[in-house]
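Enquirer: Quick one, model.txt (compact mmCIF, C-alpha atoms):
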```txt
# COMPACT_ATOMS: atom_id res chain seq x y z
CA MET A 1207 -16.16 -4.76 -15.99
CA SER A 1208 -18.28 -4.24 -12.88
CA LEU A 1209 -17.05 -3.84 -9.32
CA LYS A 1210 -18.05 -7.46 -8.77
CA ALA A 1211 -15.69 -8.71 -11.50
CA PHE A 1212 -12.85 -6.41 -10.36
CA HIS A 1213 -13.35 -7.59 -6.79
CA ILE A 1214 -12.90 -11.22 -7.87
CA VAL A 1215 -9.66 -10.23 -9.66
CA PHE A 1216 -8.52 -8.41 -6.51
CA VAL A 1217 -9.36 -11.30 -4.18
CA THR A 1218 -7.47 -13.69 -6.51
CA ALA A 1219 -4.39 -11.42 -6.46
CA SER A 1220 -4.63 -11.05 -2.66
CA THR A 1221 -4.89 -14.83 -2.25
CA LEU A 1222 -1.77 -15.35 -4.36
CA LEU A 1223 0.05 -12.71 -2.32
CA ALA A 1224 -1.05 -14.36 0.95
CA PHE A 1225 0.31 -17.76 -0.12
CA GLY A 1226 3.49 -16.22 -1.58
CA PHE A 1227 4.14 -14.16 1.54
CA GLY A 1228 3.41 -17.20 3.73
CA ALA A 1229 6.01 -19.22 1.82
CA TRP A 1230 8.51 -16.33 2.06
CA GLU A 1231 8.07 -16.05 5.83
CA LEU A 1232 8.29 -19.83 6.36
CA ASN A 1233 11.51 -19.87 4.32
CA ASN A 1234 12.78 -17.06 6.59
CA TYR A 1235 11.88 -19.16 9.61
CA PHE A 1236 13.86 -22.15 8.35
CA VAL A 1237 16.89 -19.88 7.75
CA THR A 1238 16.78 -17.67 10.87
CA GLY A 1239 14.54 -19.62 13.30
CA GLN A 1240 12.72 -16.42 14.33
CA THR A 1241 9.33 -17.00 15.99
CA GLN A 1242 7.89 -13.90 14.32
CA SER A 1243 8.50 -15.46 10.90
CA ILE A 1244 6.59 -18.66 11.62
CA VAL A 1245 3.71 -16.71 13.19
CA MET A 1246 3.43 -14.43 10.16
CA GLY A 1247 3.99 -17.30 7.72
CA VAL A 1248 1.27 -19.52 9.17
CA GLY A 1249 -1.01 -16.48 9.64
CA SER A 1250 -0.57 -15.55 5.99
CA LEU A 1251 -1.36 -19.09 4.78
CA VAL A 1252 -4.50 -19.11 6.95
CA ALA A 1253 -5.44 -15.69 5.53
CA GLY A 1254 -5.01 -17.13 2.01
CA ILE A 1255 -7.43 -19.95 2.82
CA GLY A 1256 -9.79 -17.40 4.39
CA LEU A 1257 -9.72 -15.33 1.19
CA ILE A 1258 -10.66 -18.39 -0.90
CA VAL A 1259 -13.62 -19.08 1.41
CA TYR A 1260 -14.57 -15.39 1.29
CA GLY A 1261 -14.30 -15.34 -2.53
CA LYS A 1262 -16.71 -18.25 -2.83
CA ALA A 1263 -19.14 -16.67 -0.34
CA VAL A 1264 -19.07 -13.29 -2.07
CA LEU A 1265 -19.71 -14.89 -5.48
CA LYS A 1266 -22.76 -16.58 -4.01
CA LYS A 1267 -23.96 -13.35 -2.39
CA MET A 1268 -23.54 -11.33 -5.60
CA LYS A 1269 -24.92 -13.89 -8.07
CA HIS A 1270 -27.71 -11.48 -9.08
CA ILE A 1271 -25.18 -8.75 -10.03
CA SER A 1272 -23.72 -8.58 -13.56
CA TYR A 1273 -20.00 -8.95 -14.36
CA LEU A 1274 -20.23 -6.05 -16.85
CA MET B 160 -30.29 19.98 -18.28
CA GLU B 161 -30.22 16.26 -17.58
CA ILE B 162 -26.91 14.43 -17.93
CA PRO B 163 -27.46 11.41 -20.18
CA TYR B 164 -26.65 7.80 -19.28
CA THR B 165 -25.88 8.28 -15.59
CA VAL B 166 -28.08 5.29 -14.76
CA LYS B 167 -29.17 3.57 -17.98
CA PRO B 168 -26.51 1.94 -20.15
CA ARG B 169 -25.53 3.78 -23.29
CA PRO B 170 -26.60 1.68 -26.31
CA ASP B 171 -23.21 1.68 -28.10
CA THR B 172 -21.04 0.84 -25.04
CA GLY B 173 -23.56 -1.15 -23.03
CA LEU B 174 -22.41 0.68 -19.88
CA TYR B 175 -23.41 3.87 -18.08
CA ASN B 176 -21.06 6.75 -18.92
CA ALA B 177 -19.26 7.06 -15.58
CA LYS B 178 -18.15 3.43 -15.77
CA VAL B 179 -16.64 3.94 -19.22
CA GLY B 180 -14.98 7.10 -17.90
CA ILE B 181 -13.42 5.45 -14.85
CA TRP B 182 -12.05 2.55 -16.93
CA LEU B 183 -10.46 4.98 -19.40
CA PHE B 184 -8.91 6.80 -16.43
CA LEU B 185 -7.72 3.53 -14.89
CA ALA B 186 -6.15 2.54 -18.23
CA SER B 187 -4.06 5.72 -18.08
CA GLU B 188 -3.17 4.90 -14.47
CA VAL B 189 -1.97 1.43 -15.50
CA MET B 190 0.40 3.14 -17.94
CA LEU B 191 1.66 5.52 -15.24
CA PHE B 192 2.33 2.84 -12.62
CA GLY B 193 3.49 0.40 -15.32
CA ALA B 194 6.17 2.87 -16.39
CA LEU B 195 7.35 3.29 -12.79
CA PHE B 196 7.39 -0.47 -12.16
CA SER B 197 9.44 -0.85 -15.37
CA ALA B 198 11.83 1.83 -14.08
CA TYR B 199 12.17 -0.11 -10.82
CA ILE B 200 12.94 -3.37 -12.65
CA LEU B 201 15.52 -1.72 -14.94
CA LEU B 202 17.22 0.04 -12.00
CA ARG B 203 17.34 -3.16 -10.00
CA VAL B 204 18.57 -5.35 -12.84
CA GLY B 205 21.17 -2.71 -13.73
CA ALA B 206 22.52 -2.39 -10.17
CA ALA B 207 25.93 -3.91 -9.50
CA ALA B 208 25.79 -7.30 -7.76
CA GLY B 209 25.34 -6.99 -3.98
CA THR B 210 24.63 -3.26 -3.99
CA TRP B 211 20.80 -3.35 -3.97
CA PRO B 212 19.69 -2.80 -0.34
CA HIS B 213 17.69 -5.42 1.57
CA GLY B 214 15.93 -5.19 4.90
CA LEU B 215 15.59 -1.40 4.95
CA LEU B 216 11.81 -1.52 5.28
CA ASN B 217 9.67 -2.73 8.16
CA VAL B 218 7.94 -5.91 6.89
CA PRO B 219 5.42 -6.22 9.81
CA LEU B 220 4.22 -2.64 9.21
CA GLY B 221 3.95 -3.29 5.47
CA THR B 222 1.98 -6.47 6.24
CA ILE B 223 -0.43 -4.57 8.50
CA ASN B 224 -0.94 -1.97 5.77
CA THR B 225 -1.63 -4.75 3.24
CA LEU B 226 -4.26 -6.24 5.57
CA VAL B 227 -5.79 -2.78 6.07
CA LEU B 228 -6.14 -2.25 2.31
CA ILE B 229 -7.53 -5.76 1.68
CA THR B 230 -10.11 -5.11 4.42
CA SER B 231 -11.01 -1.76 2.83
CA SER B 232 -11.59 -3.45 -0.54
CA ILE B 233 -13.97 -5.89 1.10
CA THR B 234 -15.88 -3.12 2.90
CA VAL B 235 -16.11 -0.94 -0.22
CA VAL B 236 -17.79 -3.84 -2.07
CA MET B 237 -20.06 -4.50 0.90
CA ALA B 238 -21.08 -0.82 0.86
CA TRP B 239 -22.03 -1.10 -2.82
CA VAL B 240 -23.90 -4.39 -2.31
CA SER B 241 -25.78 -2.84 0.66
CA LEU B 242 -27.09 -0.10 -1.64
CA LYS B 243 -28.08 -2.71 -4.24
CA LEU B 244 -30.07 -4.42 -1.47
CA ASN B 245 -31.59 -1.07 -0.41
CA GLN B 246 -29.84 -1.10 2.98
CA PHE B 247 -28.62 2.49 3.40
CA GLY B 248 -27.75 2.09 7.09
CA ARG B 249 -25.38 -0.78 6.36
CA PHE B 250 -23.87 1.21 3.50
CA LYS B 251 -22.99 4.00 5.94
CA VAL B 252 -21.22 1.56 8.25
CA TYR B 253 -19.22 -0.17 5.49
CA GLN B 254 -18.30 3.09 3.76
CA GLY B 255 -17.23 4.56 7.12
CA VAL B 256 -15.00 1.54 7.81
CA THR B 257 -13.46 1.95 4.34
CA LEU B 258 -12.65 5.57 5.14
CA LEU B 259 -11.09 4.58 8.47
CA CYS B 260 -8.97 1.95 6.71
CA ALA B 261 -7.75 4.58 4.21
CA LEU B 262 -6.80 6.94 7.06
CA GLY B 263 -5.19 4.06 8.97
CA PHE B 264 -3.09 3.17 5.94
CA LEU B 265 -1.92 6.78 5.60
CA GLY B 266 -1.12 6.95 9.32
CA ILE B 267 1.08 3.85 9.17
CA LYS B 268 2.73 5.04 5.95
CA SER B 269 3.55 8.44 7.45
CA PHE B 270 5.08 6.66 10.48
CA GLU B 271 7.28 4.67 8.09
CA TYR B 272 8.27 7.86 6.25
CA LYS B 273 9.10 9.64 9.52
CA ASP B 274 11.27 6.69 10.52
CA LYS B 275 13.25 7.00 7.28
CA PHE B 276 13.70 10.77 7.59
CA SER B 277 15.04 10.46 11.15
CA HIS B 278 17.41 7.61 10.19
CA TYR B 279 20.89 8.95 9.42
CA GLU B 280 24.14 7.67 8.01
CA ILE B 281 27.26 9.55 9.10
CA VAL B 282 30.58 8.98 7.33
CA ARG B 283 33.34 9.88 9.78
CA THR B 284 36.68 11.34 8.78
CA ASP B 285 38.32 7.98 9.71
CA GLY B 286 36.15 6.25 7.09
CA LYS B 287 33.89 4.43 9.55
CA ILE B 288 30.13 4.78 9.19
CA VAL B 289 27.70 5.49 12.02
CA ASP B 290 24.17 4.37 11.14
CA GLY B 291 21.13 5.02 13.33
CA HIS B 292 18.26 7.23 14.37
CA LEU B 293 18.82 10.82 15.37
CA VAL B 294 18.68 11.44 19.12
CA GLU B 295 20.23 14.89 19.35
CA LYS B 296 21.90 17.38 17.06
CA THR B 297 23.84 20.40 18.34
CA LYS B 298 26.49 22.71 16.93
CA ASP B 299 29.24 20.56 18.48
CA HIS B 300 28.02 17.01 18.11
CA VAL B 301 25.40 14.60 16.79
CA ILE B 302 24.03 11.65 18.79
CA LEU B 303 22.63 8.66 16.91
CA SER B 304 21.04 5.53 18.34
CA GLY B 305 22.55 2.85 16.15
CA HIS B 306 25.79 1.07 15.38
CA VAL B 307 29.20 1.64 13.80
CA ILE B 308 30.10 -0.03 10.52
CA ASP B 309 33.70 -0.50 9.46
CA PRO B 310 33.65 -0.70 5.62
CA SER B 311 36.99 -2.57 5.66
CA GLU B 312 35.35 -5.46 7.55
CA LYS B 313 33.11 -7.44 5.23
CA VAL B 314 29.96 -8.51 7.08
CA GLU B 315 27.63 -11.02 5.44
CA HIS B 316 24.11 -9.66 5.01
CA GLY B 317 21.69 -10.95 7.65
CA SER B 318 24.40 -12.74 9.61
CA HIS B 319 23.58 -10.81 12.76
CA THR B 320 21.60 -7.81 13.94
CA PRO B 321 23.95 -5.30 15.58
CA GLU B 322 22.94 -3.97 19.00
CA HIS B 323 21.88 -0.34 19.03
CA THR B 324 23.68 2.05 21.36
CA GLU B 325 23.85 5.83 21.61
CA ILE B 326 26.88 7.04 19.70
CA THR B 327 28.16 10.62 19.96
CA VAL B 328 29.94 11.94 16.90
CA PRO B 329 31.72 15.33 17.23
CA THR B 330 30.87 17.69 14.35
CA ALA B 331 34.57 18.01 13.47
CA GLU B 332 34.70 14.24 12.74
CA ILE B 333 31.75 14.28 10.33
CA LYS B 334 32.73 13.97 6.68
CA LYS B 335 29.21 13.41 5.37
CA MET B 336 25.82 13.19 7.05
CA GLU B 337 22.65 12.22 5.23
CA ASN B 338 19.28 10.80 6.21
CA TYR B 339 17.45 7.97 4.46
CA GLY B 340 15.38 10.27 2.25
CA PRO B 341 14.88 9.79 -1.48
CA TRP B 342 18.30 11.39 -2.15
CA HIS B 343 20.14 8.68 -0.18
CA SER B 344 20.16 5.91 -2.79
CA THR B 345 18.53 4.77 -6.02
CA TYR B 346 16.48 2.24 -4.04
CA LEU B 347 15.07 4.89 -1.71
CA ALA B 348 14.44 7.25 -4.63
CA ILE B 349 12.24 4.68 -6.42
CA TYR B 350 10.70 3.59 -3.08
CA PHE B 351 9.58 7.13 -2.24
CA THR B 352 8.42 7.78 -5.82
CA LEU B 353 6.28 4.63 -6.01
CA THR B 354 4.86 4.74 -2.48
CA GLY B 355 4.45 8.54 -2.55
CA LEU B 356 2.44 8.39 -5.77
CA HIS B 357 0.42 5.53 -4.33
CA ALA B 358 -0.21 7.49 -1.12
CA LEU B 359 -1.46 10.45 -3.19
CA HIS B 360 -3.97 8.07 -4.80
CA VAL B 361 -5.03 6.85 -1.35
CA ILE B 362 -5.56 10.47 -0.25
CA GLY B 363 -7.63 11.16 -3.40
CA GLY B 364 -9.67 8.02 -2.85
CA ALA B 365 -10.21 8.86 0.83
CA VAL B 366 -11.53 12.33 -0.10
CA VAL B 367 -14.04 10.83 -2.57
CA ILE B 368 -15.07 8.00 -0.22
CA GLY B 369 -15.45 10.51 2.62
CA PHE B 370 -17.59 12.82 0.49
CA LEU B 371 -19.86 9.97 -0.63
CA TRP B 372 -20.14 8.78 2.98
CA GLY B 373 -21.00 12.28 4.25
CA PRO B 374 -22.54 15.16 2.26
CA GLY B 375 -22.64 13.26 -1.04
CA SER B 376 -24.90 10.58 0.41
CA LYS B 377 -27.88 12.97 0.22
CA MET B 378 -28.25 11.84 -3.40
CA TRP B 379 -29.57 8.50 -2.12
CA LYS B 380 -32.88 10.24 -1.32
CA THR B 381 -33.27 11.93 -4.72
CA ASP B 382 -31.57 9.56 -7.18
CA PRO B 383 -30.67 6.22 -5.53
CA GLU B 384 -29.62 4.41 -8.73
CA ARG B 385 -27.22 7.15 -9.72
CA PHE B 386 -25.80 7.25 -6.18
CA THR B 387 -25.28 3.46 -6.28
CA ASN B 388 -23.38 3.89 -9.55
CA ARG B 389 -21.20 6.58 -7.96
CA ILE B 390 -20.31 4.14 -5.20
CA GLU B 391 -19.44 1.51 -7.80
CA VAL B 392 -17.18 3.93 -9.69
CA SER B 393 -15.39 5.05 -6.51
CA GLY B 394 -15.08 1.36 -5.56
CA LEU B 395 -13.45 0.57 -8.91
CA PHE B 396 -10.87 3.32 -8.31
CA TRP B 397 -10.28 2.07 -4.76
CA HIS B 398 -9.75 -1.49 -6.01
CA PHE B 399 -7.17 -0.24 -8.48
CA VAL B 400 -5.30 1.63 -5.71
CA ASP B 401 -5.36 -1.52 -3.55
CA LEU B 402 -4.26 -3.73 -6.42
CA VAL B 403 -1.24 -1.47 -7.01
CA TRP B 404 -0.29 -1.99 -3.34
CA ILE B 405 -0.66 -5.78 -3.74
CA PHE B 406 2.16 -5.52 -6.31
CA LEU B 407 4.16 -2.83 -4.45
CA PHE B 408 4.36 -4.72 -1.15
CA PRO B 409 6.24 -7.82 -2.34
CA VAL B 410 8.39 -5.87 -4.80
CA LEU B 411 9.61 -3.25 -2.31
CA TYR B 412 9.42 -5.06 1.04
CA LEU B 413 10.20 -8.71 0.27
CA LEU B 414 12.27 -9.17 -2.89
```
Could you write out this structure as structure tokens?

Expert:
Amino acid sequence: MSLKAFHIVFVTASTLLAFGFGAWELNNYFVTGQTQSIVMGVGSLVAGIGLIVYGKAVLKKMKHISYL
Amino acid sequence: MEIPYTVKPRPDTGLYNAKVGIWLFLASEVMLFGALFSAYILLRVGAAAGTWPHGLLNVPLGTINTLVLITSSITVVMAWVSLKLNQFGRFKVYQGVTLLCALGFLGIKSFEYKDKFSHYEIVRTDGKIVDGHLVEKTKDHVILSGHVIDPSEKVEHGSHTPEHTEITVPTAEIKKMENYGPWHSTYLAIYFTLTGLHALHVIGGAVVIGFLWGPGSKMWKTDPERFTNRIEVSGLFWHFVDLVWIFLFPVLYLL
């Protein structure tokens, strides 16, 4: 597996973490009402979307590089 | 003597030798961290209900460190792609940013460790507990910035954050005094083991990345393909280290 393939695996895991953490922080916000939680929750969801966009862009940029 | 298959793929594996080597090494690393994650799960599942600590770690700092490592994984790939595109100058920038991210991660982690080692729990002779950060310690007394917990009063977790004040405890009233090091509880023992081992991997990775950014980059002039492969191999190791953190962060900080 090349660095390209491992990077896609990593970006996928990071995206899942970003959405999971976003949900965790939003749940915290609904329980405690802390502003910090909603800021981090929304920020994390935005970061998750950003990682999906980045993943697509990087796949396009590295299309000439092998997965092996 | 020329080392074989540093650039060309070996016919039987289809890969250059260093890539096979790093994947064999990473397989052993998966077993090492897998065993420790299993230990964590068994300890946690086996803990009596309500005894596993929550909220001991600083989530914003952990989040910043996660962002730092994700950024470093992006820059390490960009460094490799730059070499593939014959852009050595850009490689230097991306590799340098990766190194800075690694050092930044270690800086934040050491701040978190320092915070734990200066955080004390004092059990007084009257049974009450004083919990807080060390302000002063003399022969006669200890001053902590924290709060007093009465174990006889049951307080629901997360119901309120107690205000921190400076509390002076005379030495004669101290029954037990211990900081939040790995010896404090099972949770902290596995926390320090997992994050300490991970930090050692970050240090190792930073040394390699730093070498390839600095003196090791001379190879680009003599053997550019082999140098590009070295960057790929170090990038594979770095991705593994970052992936471990992607699992460590939610397990230790959130759950």

Enquirer: With a cut-off of 9 Å, could you pull out the residues of region 188-255 of chain B touching region 264-269 of chain B and give me the nearest pair of atoms for each, distance in Å to one decimal, using all atoms listed in the file, ordered by chain and ascending number, as a tab-separated table?

Expert:
```
residue	atom	partner	partner_atom	distance
B:Leu220	CA	B:Ile267	CA	7.2
B:Gly221	CA	B:Lys268	CA	8.4
B:Ile223	CA	B:Phe264	CA	8.6
B:Asn224	CA	B:Phe264	CA	5.6
B:Thr225	CA	B:Phe264	CA	8.5
B:Val227	CA	B:Phe264	CA	6.5
B:Leu228	CA	B:Phe264	CA	7.2
```

Enquirer: I need the contact residues of chain A against chain B, so if you could list those with any atom within 7 Å, counting all atoms listed in the file, and return them as a PyMOL selection string, that would help.

Expert: chain A and resi 1209+1216+1220

Enquirer: One decimal, Å: what's the distance from CA of Trp404 (chain B) over to CA of Thr230 (chain B), could you say?

Expert: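 Those two atoms sit 12.9 Å apart.
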
Enquirer: Give me, please, the distance in Å between CA of Val1237 (chain A) and CA of Tyr199 (chain B), quoted to one decimal.

Expert: 27.5 Å

Enquirer: Quick one: of A:Thr1241, A:Ser1250, A:Gly1261, A:Lys1267, who's nearest to Ile1214 (chain A), counting all atoms listed in the file?

Expert: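 Selected residue with least distance to Ile1214 (chain A): A:Gly1261.
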
Enquirer: Would you list the residues near (-0.9, -20.6, 2.7) (no more than 7 Å away, in the coordinates of the file, using all atoms listed in the file) as number ranges by chain?

Expert: A: 1224-1225, 1228, 1248, 1250-1252, 1254-1255

Enquirer: Provide the CA of Asp299 (chain B) to CA of Ser344 (chain B) distance in Å, to one decimal place.

Expert: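 Calculated distance between CA of Asp299 (chain B) and CA of Ser344 (chain B) is 27.4 Å.
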
Enquirer: Return the padded bounding box of region 271-285 of chain B as JSON: axis-aligned, built from all atoms listed in the file, 8 Å added on each side, with centre and edge lengths in Å to one decimal.

Expert:
```
{"center_x": 22.8, "center_y": 8.0, "center_z": 8.7, "size_x": 47.0, "size_y": 22.7, "size_z": 20.9}
```

Enquirer: Please identify all polymer residues lying at most 8 Å from the point (-10.0, 5.7, 4.3) (file coordinates), using only C-alpha atoms, and present the result as an MDAnalysis selection string.

Expert: chainID B and resid 231 255:264 361:362 364:365 368:369

Enquirer: With all atoms listed in the file as the atoms that count, which of A:Val1264, A:Phe1236, A:Ala1253, A:Gln1242 lies nearest to His1213 (chain A)?

Expert: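 Under the stated criterion, the closest residue is A:Val1264.
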
Enquirer: Which is closest to Thr1218 (chain A) among A:Gln1240, A:Gly1249, A:Ile1258, A:Tyr1235, if we use only C-alpha atoms?

Expert: A:Ile1258

Enquirer: With distances taken over only C-alpha atoms, which of A:Ala1219, A:Ile1271, A:Leu1257, A:Leu1232 is nearest to Val1245 (chain A)?

Expert: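 With only C-alpha atoms as the atom set, the closest residue is A:Leu1232.
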
Enquirer: For each of B:Glu384, B:Ile288, B:Ile326, B:Ile281, take the minimum atom-to-atom distance to Leu303 (chain B), counting only C-alpha atoms, then give the residue where this is smallest.

Expert: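 For Leu303 (chain B), the nearest of the candidates is B:Ile326.
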
Enquirer: With all atoms listed in the file as the atoms that count, which of A:Ile1244, A:Leu1274, A:Val1217, A:Met1268 lies nearest to Gly1256 (chain A)?

Expert: A:Val1217
